[in-house]
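Asker: Dropping in start-v8.cif, with mmCIF, C-alpha atoms and all ligand atoms.
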data_entry
#
loop_
_atom_site.label_atom_id
_atom_site.label_comp_id
_atom_site.auth_asym_id
_atom_site.auth_seq_id
_atom_site.Cartn_x
_atom_site.Cartn_y
_atom_site.Cartn_z
CA MET A 248 -29.17 158.25 -98.77
CA ASP A 249 -29.44 154.83 -97.16
CA ASP A 250 -30.54 151.61 -98.83
CA THR A 251 -33.98 151.59 -97.27
CA GLN A 252 -34.78 155.11 -98.50
CA LEU A 253 -33.47 154.25 -101.96
CA ALA A 254 -35.54 151.06 -102.07
CA ALA A 255 -38.63 153.08 -101.14
CA GLN A 256 -37.91 155.43 -104.05
CA VAL A 257 -37.35 152.55 -106.44
CA ALA A 258 -40.77 151.26 -105.39
CA GLN A 259 -42.15 154.62 -106.60
CA GLY A 260 -40.46 154.12 -109.97
CA ASP A 261 -37.44 156.37 -109.38
CA GLU A 262 -34.79 155.35 -111.94
CA ARG A 263 -32.03 157.41 -110.36
CA ALA A 264 -32.48 155.66 -107.03
CA PHE A 265 -32.43 152.36 -108.90
CA LEU A 266 -29.14 153.20 -110.62
CA THR A 267 -27.61 154.27 -107.31
CA LEU A 268 -28.42 150.85 -105.88
CA TYR A 269 -27.14 149.25 -109.06
CA ASP A 270 -23.83 151.06 -108.72
CA ARG A 271 -23.65 150.07 -105.07
CA TYR A 272 -24.37 146.36 -105.44
CA ALA A 273 -24.00 145.22 -109.07
CA SER A 274 -20.43 144.06 -108.51
CA HIS A 275 -21.55 141.87 -105.58
CA VAL A 276 -24.49 140.46 -107.51
CA TYR A 277 -22.27 139.74 -110.51
CA ALA A 278 -19.61 138.14 -108.31
CA LEU A 279 -22.18 135.83 -106.74
CA THR A 280 -23.84 134.87 -110.02
CA MET A 281 -20.40 134.25 -111.56
CA ARG A 282 -19.50 132.01 -108.66
CA ILE A 283 -22.67 130.00 -109.19
CA LEU A 284 -22.85 129.97 -112.99
CA ARG A 285 -19.16 130.20 -113.89
CA ASP A 286 -19.97 131.77 -117.24
CA PRO A 287 -19.79 135.53 -117.89
CA ASN A 288 -22.80 135.62 -120.22
CA LEU A 289 -25.05 133.60 -117.93
CA ALA A 290 -23.88 135.62 -114.94
CA GLU A 291 -24.65 138.85 -116.76
CA GLU A 292 -28.16 137.64 -117.57
CA ALA A 293 -28.74 136.53 -114.00
CA THR A 294 -27.51 139.93 -112.78
CA GLN A 295 -29.90 141.64 -115.17
CA ASP A 296 -32.82 139.48 -113.98
CA THR A 297 -31.93 140.17 -110.35
CA PHE A 298 -31.99 143.93 -110.84
CA LEU A 299 -35.20 143.80 -112.85
CA LYS A 300 -36.69 142.00 -109.86
CA LEU A 301 -35.39 144.76 -107.61
CA TRP A 302 -37.11 147.26 -109.89
CA SER A 303 -40.43 145.48 -109.95
CA ARG A 304 -40.51 144.15 -106.37
CA ALA A 305 -38.86 146.92 -104.36
CA ARG A 306 -42.19 147.51 -102.62
CA LEU A 307 -41.85 144.10 -101.01
CA TYR A 308 -38.54 144.85 -99.36
CA LEU A 309 -38.92 145.15 -95.60
CA SER A 310 -35.90 146.62 -93.85
CA GLU A 311 -36.84 145.12 -90.50
CA ARG A 312 -36.37 141.65 -91.97
CA GLY A 313 -32.80 142.24 -93.09
CA SER A 314 -30.43 144.44 -95.04
CA LEU A 315 -31.04 145.29 -98.69
CA PRO A 316 -27.86 143.58 -99.98
CA VAL A 317 -28.87 140.34 -98.25
CA TRP A 318 -32.34 140.58 -99.79
CA LEU A 319 -30.91 141.36 -103.22
CA LEU A 320 -28.28 138.65 -103.07
CA THR A 321 -30.83 136.11 -101.88
CA ILE A 322 -32.79 136.90 -105.04
CA ALA A 323 -29.56 136.70 -107.07
CA ARG A 324 -28.65 133.31 -105.63
CA ARG A 325 -32.08 131.88 -106.35
CA THR A 326 -32.11 133.36 -109.86
CA ALA A 327 -28.69 131.92 -110.65
CA LEU A 328 -29.48 128.49 -109.19
CA ASP A 329 -32.70 128.34 -111.20
CA ARG A 330 -30.68 129.14 -114.28
CA LEU A 331 -28.13 126.49 -113.40
CA ARG A 332 -30.87 123.87 -113.19
CA LEU A 333 -32.30 125.02 -116.48
CA GLU A 334 -28.90 124.63 -118.09
CA ALA A 335 -28.77 121.21 -116.40
CA ARG A 336 -25.07 121.63 -115.95
CA ARG A 337 -23.15 119.22 -113.86
CA PRO A 338 -21.62 120.87 -110.87
CA THR A 339 -18.02 121.88 -111.23
CA LEU A 340 -15.82 120.41 -108.58
CA SER A 341 -14.14 123.60 -107.65
CA THR A 342 -13.46 124.70 -104.12
CA GLY A 343 -14.43 128.27 -104.71
CA GLU A 344 -12.45 131.42 -105.09
CA ASP A 345 -9.02 131.90 -106.46
CA PRO A 346 -7.08 133.00 -103.36
CA GLU A 347 -5.20 135.58 -105.45
CA GLU A 348 -8.43 137.50 -105.99
CA LEU A 349 -9.02 137.95 -102.32
CA TRP A 350 -6.00 140.20 -101.98
CA GLN A 351 -7.41 142.59 -104.52
CA THR A 352 -10.28 143.42 -102.20
CA ILE A 353 -8.47 144.43 -99.07
CA PRO A 354 -10.60 146.86 -97.07
CA ASP A 355 -9.66 150.53 -97.29
CA GLU A 356 -10.85 153.64 -95.45
CA ASN A 357 -14.14 153.68 -97.40
CA THR A 358 -15.05 150.22 -96.19
CA THR A 359 -18.15 150.09 -93.98
CA PRO A 360 -18.14 147.89 -90.85
CA GLU A 361 -20.54 145.51 -92.58
CA GLU A 362 -18.18 145.24 -95.56
CA SER A 363 -15.16 144.52 -93.43
CA ARG A 364 -17.13 141.77 -91.72
CA TRP A 365 -17.74 140.21 -95.13
CA HIS A 366 -14.07 140.52 -95.98
CA SER A 367 -13.16 138.62 -92.88
CA MET A 368 -15.66 135.93 -93.87
CA GLN A 369 -13.90 135.59 -97.23
CA PHE A 370 -10.78 134.64 -95.37
CA ALA A 371 -12.71 132.38 -93.02
CA VAL A 372 -14.07 130.45 -96.02
CA GLN A 373 -10.63 130.37 -97.56
CA SER A 374 -9.16 128.91 -94.41
CA LEU A 375 -11.53 125.91 -94.43
CA SER A 376 -9.96 122.63 -95.45
CA ALA A 377 -10.36 121.70 -99.12
CA GLU A 378 -12.96 119.05 -98.31
CA HIS A 379 -15.00 121.36 -96.15
CA ARG A 380 -14.88 124.09 -98.74
CA MET A 381 -15.96 121.68 -101.45
CA VAL A 382 -19.14 120.49 -99.67
CA LEU A 383 -20.01 124.07 -98.79
CA GLU A 384 -19.51 125.13 -102.40
CA LEU A 385 -21.67 122.33 -103.79
CA ALA A 386 -24.42 122.91 -101.25
CA TYR A 387 -24.69 126.66 -101.26
CA TYR A 388 -23.36 127.77 -104.63
CA GLN A 389 -24.35 124.78 -106.74
CA GLY A 390 -27.67 124.13 -105.03
CA LEU A 391 -27.12 120.43 -104.39
CA SER A 392 -28.74 118.52 -101.55
CA GLN A 393 -26.58 116.44 -99.23
CA THR A 394 -27.72 113.29 -101.01
CA GLU A 395 -26.75 114.77 -104.38
CA ILE A 396 -23.39 115.81 -103.01
CA ALA A 397 -22.79 112.29 -101.75
CA GLU A 398 -23.57 110.95 -105.22
CA THR A 399 -21.46 113.56 -106.98
CA LEU A 400 -18.39 113.08 -104.80
CA ASN A 401 -18.95 109.42 -104.17
CA TRP A 402 -18.72 109.97 -100.44
CA PRO A 403 -20.95 108.27 -97.87
CA LEU A 404 -23.93 110.48 -96.99
CA GLY A 405 -22.85 110.50 -93.35
CA THR A 406 -19.48 111.92 -94.34
CA VAL A 407 -21.12 114.69 -96.35
CA LYS A 408 -23.34 115.61 -93.41
CA THR A 409 -20.45 115.63 -90.95
CA ARG A 410 -18.23 117.75 -93.18
CA LEU A 411 -20.93 120.24 -94.05
CA ARG A 412 -21.76 120.67 -90.40
CA ALA A 413 -18.11 121.01 -89.42
CA ALA A 414 -17.57 123.66 -92.11
CA MET A 415 -20.53 125.68 -90.89
CA GLU A 416 -19.54 125.34 -87.25
CA GLN A 417 -16.13 126.76 -88.07
CA LEU A 418 -17.63 129.67 -90.00
CA ARG A 419 -20.07 130.34 -87.20
CA ARG A 420 -17.21 130.62 -84.73
CA GLU A 421 -15.40 133.09 -86.99
CA TRP A 422 -18.57 135.08 -87.57
CA GLY A 423 -19.45 135.10 -83.86
CA GLU A 424 -16.06 136.49 -82.90
CA LYS A 425 -16.39 139.69 -84.84
CA MET B 270 -39.22 112.61 -78.51
CA THR B 271 -35.89 111.21 -77.41
CA GLN B 272 -32.82 113.30 -76.70
CA ASN B 273 -31.18 111.62 -79.66
CA GLN B 274 -33.85 112.83 -82.06
CA ILE B 275 -33.57 116.34 -80.69
CA ASP B 276 -29.81 116.30 -81.28
CA ILE B 277 -30.38 115.20 -84.87
CA PHE B 278 -32.64 118.18 -85.44
CA ARG B 279 -30.12 120.57 -83.98
CA GLU B 280 -27.29 119.09 -85.99
CA SER B 281 -29.18 119.42 -89.24
CA ILE B 282 -29.68 123.18 -88.91
CA PRO B 283 -26.44 124.12 -90.76
CA ALA B 284 -27.50 122.05 -93.78
CA TYR B 285 -30.98 123.53 -93.56
CA VAL B 286 -29.83 127.15 -93.84
CA LEU B 287 -27.71 126.20 -96.85
CA GLY B 288 -30.78 124.70 -98.52
CA ALA B 289 -29.02 121.32 -98.67
CA MET B 290 -31.39 119.18 -96.65
CA ASP B 291 -33.42 116.55 -98.36
CA VAL B 292 -36.99 117.60 -98.65
CA GLU B 293 -38.65 115.31 -96.13
CA ASP B 294 -36.01 115.90 -93.48
CA ALA B 295 -36.47 119.63 -93.95
CA ARG B 296 -40.24 119.26 -93.35
CA GLU B 297 -39.61 117.41 -90.11
CA LEU B 298 -37.12 119.99 -88.93
CA GLU B 299 -39.56 122.78 -89.74
CA SER B 300 -42.24 121.27 -87.57
CA HIS B 301 -39.73 120.72 -84.77
CA LEU B 302 -38.68 124.39 -85.05
CA GLN B 303 -42.20 125.49 -84.26
CA THR B 304 -41.99 123.92 -80.83
CA CYS B 305 -38.31 124.36 -79.96
CA ALA B 306 -36.99 127.79 -79.01
CA SER B 307 -33.37 126.71 -78.63
CA CYS B 308 -33.30 125.32 -82.18
CA ARG B 309 -34.83 128.59 -83.38
CA THR B 310 -31.96 130.50 -81.77
CA GLU B 311 -29.51 128.13 -83.40
CA LEU B 312 -31.29 128.71 -86.71
CA ALA B 313 -30.97 132.48 -86.39
CA ASP B 314 -27.23 132.15 -85.73
CA TYR B 315 -26.64 129.92 -88.72
CA ARG B 316 -28.89 132.04 -90.89
CA ALA B 317 -26.55 134.97 -90.25
CA VAL B 318 -23.63 132.80 -91.40
CA SER B 319 -25.38 131.69 -94.60
CA GLU B 320 -26.34 135.30 -95.34
CA SER B 321 -22.76 136.39 -94.94
CA LEU B 322 -21.80 133.70 -97.47
CA LEU B 323 -23.78 135.63 -100.08
CA MET B 324 -21.18 138.36 -99.79
CA VAL B 325 -17.92 136.47 -99.65
CA SER B 326 -17.11 136.48 -103.36
CA PRO B 327 -14.72 139.32 -104.18
CA ALA B 328 -16.64 142.05 -106.03
CA LYS B 329 -16.53 141.86 -109.84
CA THR B 330 -17.72 144.71 -112.02
CA PRO B 331 -20.19 143.51 -114.67
CA PRO B 332 -19.84 144.78 -118.28
CA ALA B 333 -20.86 148.45 -118.63
CA ALA B 334 -23.40 147.53 -121.31
CA LEU B 335 -25.52 145.83 -118.66
CA ARG B 336 -26.22 149.11 -116.89
CA ARG B 337 -27.38 150.75 -120.13
CA ARG B 338 -29.47 147.74 -121.07
CA LEU B 339 -31.18 147.74 -117.69
CA GLN B 340 -32.02 151.41 -118.03
CA GLY B 341 -33.73 150.62 -121.30
CA HIS B 342 -35.77 147.86 -119.68
CA LEU B 343 -37.02 149.79 -116.70
CA PRO B 344 -40.14 151.59 -117.94
CA SER B 345 -41.75 148.45 -119.30
CA ALA B 346 -40.56 146.20 -116.51
CA GLN B 347 -42.35 148.14 -113.82
CA LYS B 348 -45.83 147.23 -114.95
CA LYS B 349 -45.81 144.49 -117.42
CA ALA B 350 -42.96 142.10 -117.77
CA LEU B 351 -42.21 141.59 -114.12
CA PRO B 352 -45.02 142.32 -111.75
CA ARG B 353 -44.40 142.26 -108.03
CA PHE B 354 -44.64 138.54 -108.04
CA ALA B 355 -42.63 136.61 -110.53
CA TRP B 356 -44.95 134.75 -112.78
CA SER B 357 -43.68 132.02 -114.93
CA PHE B 358 -46.09 130.96 -117.58
CA ASN B 359 -43.65 128.58 -119.00
CA GLN B 360 -44.72 125.22 -120.10
CA LEU B 361 -42.60 123.73 -117.42
CA ALA B 362 -44.72 125.03 -114.59
CA LEU B 363 -47.80 124.00 -116.48
CA GLY B 364 -46.56 120.48 -117.00
CA ILE B 365 -45.68 120.11 -113.38
CA ALA B 366 -49.01 121.49 -112.26
CA LEU B 367 -50.81 118.98 -114.42
CA VAL B 368 -48.82 116.12 -113.03
CA VAL B 369 -49.50 117.21 -109.51
CA LEU B 370 -53.15 117.58 -110.35
CA LEU B 371 -53.20 114.09 -111.76
CA ALA B 372 -51.45 112.75 -108.69
CA LEU B 373 -54.08 114.37 -106.52
CA ASN B 374 -56.65 112.48 -108.50
CA ILE B 375 -58.89 115.39 -109.27
CA SER B 376 -60.40 113.92 -112.34
CA SER B 377 -63.09 114.83 -114.71
CA PHE B 378 -63.12 113.00 -118.00
CA LEU B 379 -62.47 116.17 -119.92
CA GLN B 380 -59.51 117.13 -117.82
CA ILE B 381 -57.89 113.76 -118.18
CA ARG B 382 -58.43 113.74 -121.92
CA SER B 383 -56.71 117.05 -122.40
CA LEU B 384 -53.96 115.90 -120.12
CA GLN B 385 -53.35 112.88 -122.25
CA LYS B 386 -52.98 115.04 -125.32
CA GLN B 387 -50.15 116.83 -123.61
CA GLN B 388 -48.52 113.70 -122.35
CA THR B 389 -45.52 113.57 -124.66
CA GLU B 390 -44.62 117.17 -124.22
CA LEU B 391 -45.12 116.84 -120.55
CA THR B 392 -42.68 114.02 -120.20
CA LYS B 393 -40.05 116.16 -121.86
CA GLN B 394 -40.74 119.02 -119.52
CA LEU B 395 -40.62 116.76 -116.54
CA GLN B 396 -37.12 115.66 -117.18
CA SER B 397 -35.89 119.18 -116.70
CA GLY B 398 -38.42 120.02 -114.05
CA GLN B 399 -37.58 117.85 -111.12
CA THR B 400 -36.92 120.82 -108.93
CA VAL B 401 -40.32 122.34 -109.44
CA LEU B 402 -41.84 118.93 -109.01
CA ALA B 403 -39.99 118.44 -105.77
CA MET B 404 -41.32 121.80 -104.68
CA LEU B 405 -44.92 120.99 -105.43
CA ALA B 406 -45.21 117.31 -104.74
CA TYR B 407 -45.04 117.74 -101.00
CA PRO B 408 -47.79 116.54 -98.79
CA ASN B 409 -47.89 120.21 -97.74
CA THR B 410 -49.40 121.22 -101.04
CA GLU B 411 -53.03 122.15 -100.55
CA SER B 412 -55.39 121.66 -103.43
CA LEU B 413 -58.45 123.92 -103.54
CA PRO B 414 -61.26 123.87 -106.06
CA ILE B 415 -61.89 126.90 -108.28
CA THR B 416 -65.51 127.24 -109.31
CA ALA B 417 -67.36 130.06 -111.04
CA ASP B 418 -69.73 130.44 -113.99
CA ASN B 419 -68.54 128.02 -116.68
CA ILE B 420 -65.07 127.95 -115.14
CA SER B 421 -63.54 125.17 -113.15
CA GLY B 422 -60.08 124.47 -111.97
CA THR B 423 -57.72 124.02 -109.10
CA LEU B 424 -55.53 126.19 -106.97
CA LEU B 425 -52.43 124.47 -105.61
CA VAL B 426 -50.95 126.24 -102.62
CA ASP B 427 -47.76 125.44 -100.78
CA LYS B 428 -47.56 128.02 -98.02
CA SER B 429 -44.28 126.70 -96.70
CA ARG B 430 -42.70 127.56 -100.04
CA ASN B 431 -44.78 130.67 -100.73
CA THR B 432 -45.84 129.15 -104.00
CA ALA B 433 -49.20 128.78 -105.67
CA ILE B 434 -50.34 127.54 -109.05
CA ILE B 435 -53.61 128.51 -110.66
CA LEU B 436 -54.96 126.00 -113.14
CA VAL B 437 -58.29 126.74 -114.82
CA TRP B 438 -60.29 125.29 -117.63
CA ASN B 439 -62.44 127.32 -120.03
CA LEU B 440 -61.11 130.73 -119.07
CA PRO B 441 -62.44 133.04 -121.82
CA GLN B 442 -59.92 134.70 -124.16
CA LEU B 443 -59.62 138.46 -123.73
CA ASP B 444 -58.97 141.07 -126.39
CA SER B 445 -55.58 142.76 -126.43
CA THR B 446 -56.72 145.70 -124.28
CA GLN B 447 -57.42 143.46 -121.31
CA THR B 448 -55.67 140.98 -119.05
CA TYR B 449 -56.41 138.72 -116.13
CA GLN B 450 -54.81 139.85 -112.90
CA ALA B 451 -54.44 137.90 -109.69
CA TRP B 452 -54.62 139.40 -106.20
CA LEU B 453 -53.56 138.10 -102.85
CA ILE B 454 -56.16 138.99 -100.24
CA ASP B 455 -55.22 139.62 -96.62
CA PRO B 456 -57.50 139.21 -93.58
CA GLU B 457 -58.48 142.93 -93.74
CA GLY B 458 -59.55 142.45 -97.33
CA ASN B 459 -56.64 144.41 -98.83
CA ARG B 460 -55.58 143.29 -102.27
CA THR B 461 -51.92 142.85 -103.23
CA ASP B 462 -51.00 142.60 -106.88
CA ALA B 463 -49.90 139.06 -107.67
CA GLY B 464 -49.31 139.45 -111.38
CA ILE B 465 -51.08 139.35 -114.72
CA PHE B 466 -51.68 136.44 -117.05
CA ARG B 467 -53.47 135.52 -120.26
CA PRO B 468 -55.14 132.31 -121.42
CA GLN B 469 -52.96 130.11 -123.58
CA ALA B 470 -54.52 130.27 -127.01
CA ASP B 471 -54.02 126.71 -128.15
CA GLN B 472 -54.88 124.97 -124.92
CA PRO B 473 -58.11 124.30 -123.07
CA TYR B 474 -56.59 125.28 -119.75
CA THR B 475 -54.66 128.22 -118.41
CA SER B 476 -52.01 127.97 -115.78
CA ALA B 477 -49.93 130.47 -113.92
CA SER B 478 -47.59 130.00 -111.03
CA ILE B 479 -47.00 132.56 -108.33
CA TYR B 480 -43.92 132.75 -106.23
CA SER B 481 -44.59 135.22 -103.47
CA MET B 482 -41.72 137.15 -101.87
CA ASP B 483 -44.04 137.72 -98.96
CA ASP B 484 -45.21 135.05 -96.60
CA LEU B 485 -48.31 133.42 -98.10
CA THR B 486 -49.55 132.83 -94.57
CA ASN B 487 -50.18 136.59 -94.42
CA PHE B 488 -52.97 136.11 -96.93
CA THR B 489 -56.31 134.37 -96.78
CA GLY B 490 -57.12 133.94 -100.42
CA ILE B 491 -56.48 134.64 -104.09
CA GLY B 492 -58.83 136.47 -106.43
CA VAL B 493 -58.70 137.08 -110.17
CA THR B 494 -60.20 140.06 -111.99
CA VAL B 495 -60.23 141.40 -115.56
CA GLU B 496 -58.06 144.52 -115.84
CA PRO B 497 -56.65 146.85 -118.53
CA ALA B 498 -53.74 145.21 -120.38
CA ALA B 499 -50.97 146.72 -118.26
CA GLY B 500 -52.57 145.58 -115.01
CA SER B 501 -53.87 147.78 -112.20
CA ASP B 502 -52.65 148.75 -108.75
CA GLN B 503 -55.97 147.75 -107.24
CA PRO B 504 -58.80 145.66 -108.71
CA THR B 505 -61.05 147.73 -111.00
CA GLY B 506 -62.72 145.12 -113.13
CA GLU B 507 -65.12 142.25 -112.88
CA ARG B 508 -64.22 139.37 -110.54
CA VAL B 509 -63.64 136.09 -112.34
CA PHE B 510 -63.19 133.89 -109.30
CA LYS B 511 -61.96 133.91 -105.72
CA VAL B 512 -60.56 131.10 -103.63
CA ASP B 513 -60.06 131.14 -99.86
CA PHE B 514 -57.06 129.27 -98.50
ZN ZN C 601 -34.74 121.60 -80.96
#
Give the structure from this file in structure tokens form.
Answerer:
Amino acid sequence: MDDTQLAAQVAQGDERAFLTLYDRYASHVYALTMRILRDPNLAEEATQDTFLKLWSRARLYLSERGSLPVWLLTIARRTALDRLRLEARRPTLSTGEDPEELWQTIPDENTTPEESRWHSMQFAVQSLSAEHRMVLELAYYQGLSQTEIAETLNWPLGTVKTRLRAAMEQLRREWGEK
Amino acid sequence: MTQNQIDIFRESIPAYVLGAMDVEDARELESHLQTCASCRTELADYRAVSESLLMVSPAKTPPAALRRRLQGHLPSAQKKALPRFAWSFNQLALGIALVVLLALNISSFLQIRSLQKQQTELTKQLQSGQTVLAMLAYPNTESLPITADNISGTLLVDKSRNTAIILVWNLPQLDSTQTYQAWLIDPEGNRTDAGIFRPQADQPYTSASIYSMDDLTNFTGIGVTVEPAAGSDQPTGERVFKVDF
């Protein structure tokens, strides 16, 4: 059964459909919330909140506006960033994923075309320069504005803007090629 | 508009899709987007990139206990705890709403007096609430009066952020079998559940914030009715007030 059908059943209160979607996407939601919150307990709570929102708001999901994982992960990102602000934690100056981990998720024969596109984006992000990856990380996964990034890194605002744009232009080229 | 300004808009689109633009710049870009098709195409392209970034972290299996815990939460979550719109009744949202209200200079003596009582607590909340403040303190926030028998208040609506805050004075307490429920009303008059809320016992005002997953521009107003404690799918009880956007 596809995501849209499952979401429609979740909207009717079908727990089995909900658990199917959980099994399909929990590891992506948890990975994203871990990346943002960098704490297993907080990430687990944010994952829980995200799926409770799926349960209670499934009726609002509109497949013509985008895929279910994008919808769910958009909720997850917002939930985790809200939590991050609540914890008032200073951003960690990491540049993202441990490259070792990427090799554990090599696509296999069960990988859907959409999934393999995401895998290739993992490598695209990994191939950004350290500075480009850092601004991207602070903007998207730590929820900082360009001005806040400039303050955090002690870079001129213009430099932040240029690097963020360059990082995204590079990713867009990679994404466009697929 | 000069070519230079247009280029600046186009160049800011990557930061915009990452949510990293400063608030006022983002407003300006949004109004430019309404008139510029080529920037809208650019936006769609970059939006696809930012969406793919949601998926780039290698999958990590959460602890098995989470799945069991979620199962336990489901029956109650459907109706009560998390209605279709996420309501936060936390003091934070309340504090921010009051500050915005004050800033908008909607002042009756009574309102100001009760605000002052909350001042200390409010300051505390504000320190952690800059984000919500930033969200609501835009010039885009519309402030609409709420009036009904013995009830007065304000509805703050920011359609660009799909956010609204209800703030009412003298909302009667309900017994435990009943709740207030808000509804978003579309142009055809259909009601969409926007969550349940109860008056705060120790305070003269009640506040509730709505974050809508759906575009608020699809709706023309908000109504509030009295419903059975778990909330209803459609309004069944007496209307308390209605505000048109
Ligand atoms: Zn343009």
Asker: For ligand ZN 601 (chain C), list the contacting residues at 8 Å or closer, counting all atoms listed in the file, as a PyMOL selection string.
Answerer: chain B and resi 275-276+278-279+301-302+304-309
Asker: Given only C-alpha atoms as the basis, pick out the residue of B:Thr494, B:Ser501, B:Ser421, B:Gln340 nearest to chain A.
Answerer: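 Comparing B:Thr494, B:Ser501, B:Ser421, B:Gln340 against chain A, the winner is B:Gln340.
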Asker: Ranking A:Arg410, A:Arg420, A:Arg263, A:Arg304 by minimum distance to Glu384 of chain A and counting all atoms listed in the file, which one comes first?
Answerer: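 The closest residue to Glu384 of chain A is A:Arg410.
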Asker: Could you give me, as a VMD selection string, the residues within 8 Å of Val257 of chain A, counting all atoms listed in the file and dropping anything in the same chain fewer than 6 positions from it?
Answerer: chain A and resid 264 to 265 302 305 to 306
Asker: What does the structure give for the distance between atom CA of Leu391 of chain A and atom CA of Glu334 of chain A, in Å to one decimal?
Answerer: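 Between atom CA of Leu391 of chain A and atom CA of Glu334 of chain A the gap works out to 14.4 Å.
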Asker: Using all atoms listed in the file - which residues lie no farther than 12 Å from the point (-34.7, 140.9, -95.8) in the file's frame? Write them as a list in words.
Answerer: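 Protein, DNA and RNA residues close to (-34.7, 140.9, -95.8): Asp250, Thr251, Ala254, Ala305, Leu307, Tyr308, Leu309, Ser310, Glu311, Arg312, Gly313, Ser314, Leu315, Pro316, Val317, Trp318, Leu319, Leu320, Thr321 and Ile322 of chain A; Arg316, Ala317, Glu320, Met482 and Asp483 of chain B.
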Asker: Between A:Arg285, A:Asp249, A:Tyr269, A:Leu404, which is the closest to chain B once you count all atoms listed in the file?
Answerer: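 Among the listed residues, the smallest separation from chain B belongs to A:Tyr269.
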Asker: So which one's closest to Pro287 of chain A, B:Leu335, B:Gln272, B:Asp291, B:Val325? Using all atoms listed in the file, please.
Answerer: B:Leu335
Asker: Find the residues around Trp422 of chain A up to 12 Å (all atoms listed in the file counted), leave out those fewer than 6 positions away in its own chain, and share them as a list of chain:residue names.
Answerer: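 These residues fall inside the cut-off: A:Glu361, A:Ser363, A:Arg364, A:Trp365, A:His366, A:Ser367, A:Met368, A:Gln369, A:Phe370, A:Ala371, A:Val372, A:Met415, A:Glu416, B:Asp314, B:Tyr315, B:Arg316, B:Ala317, B:Val318, B:Ser319, B:Glu320, B:Ser321, B:Leu322.
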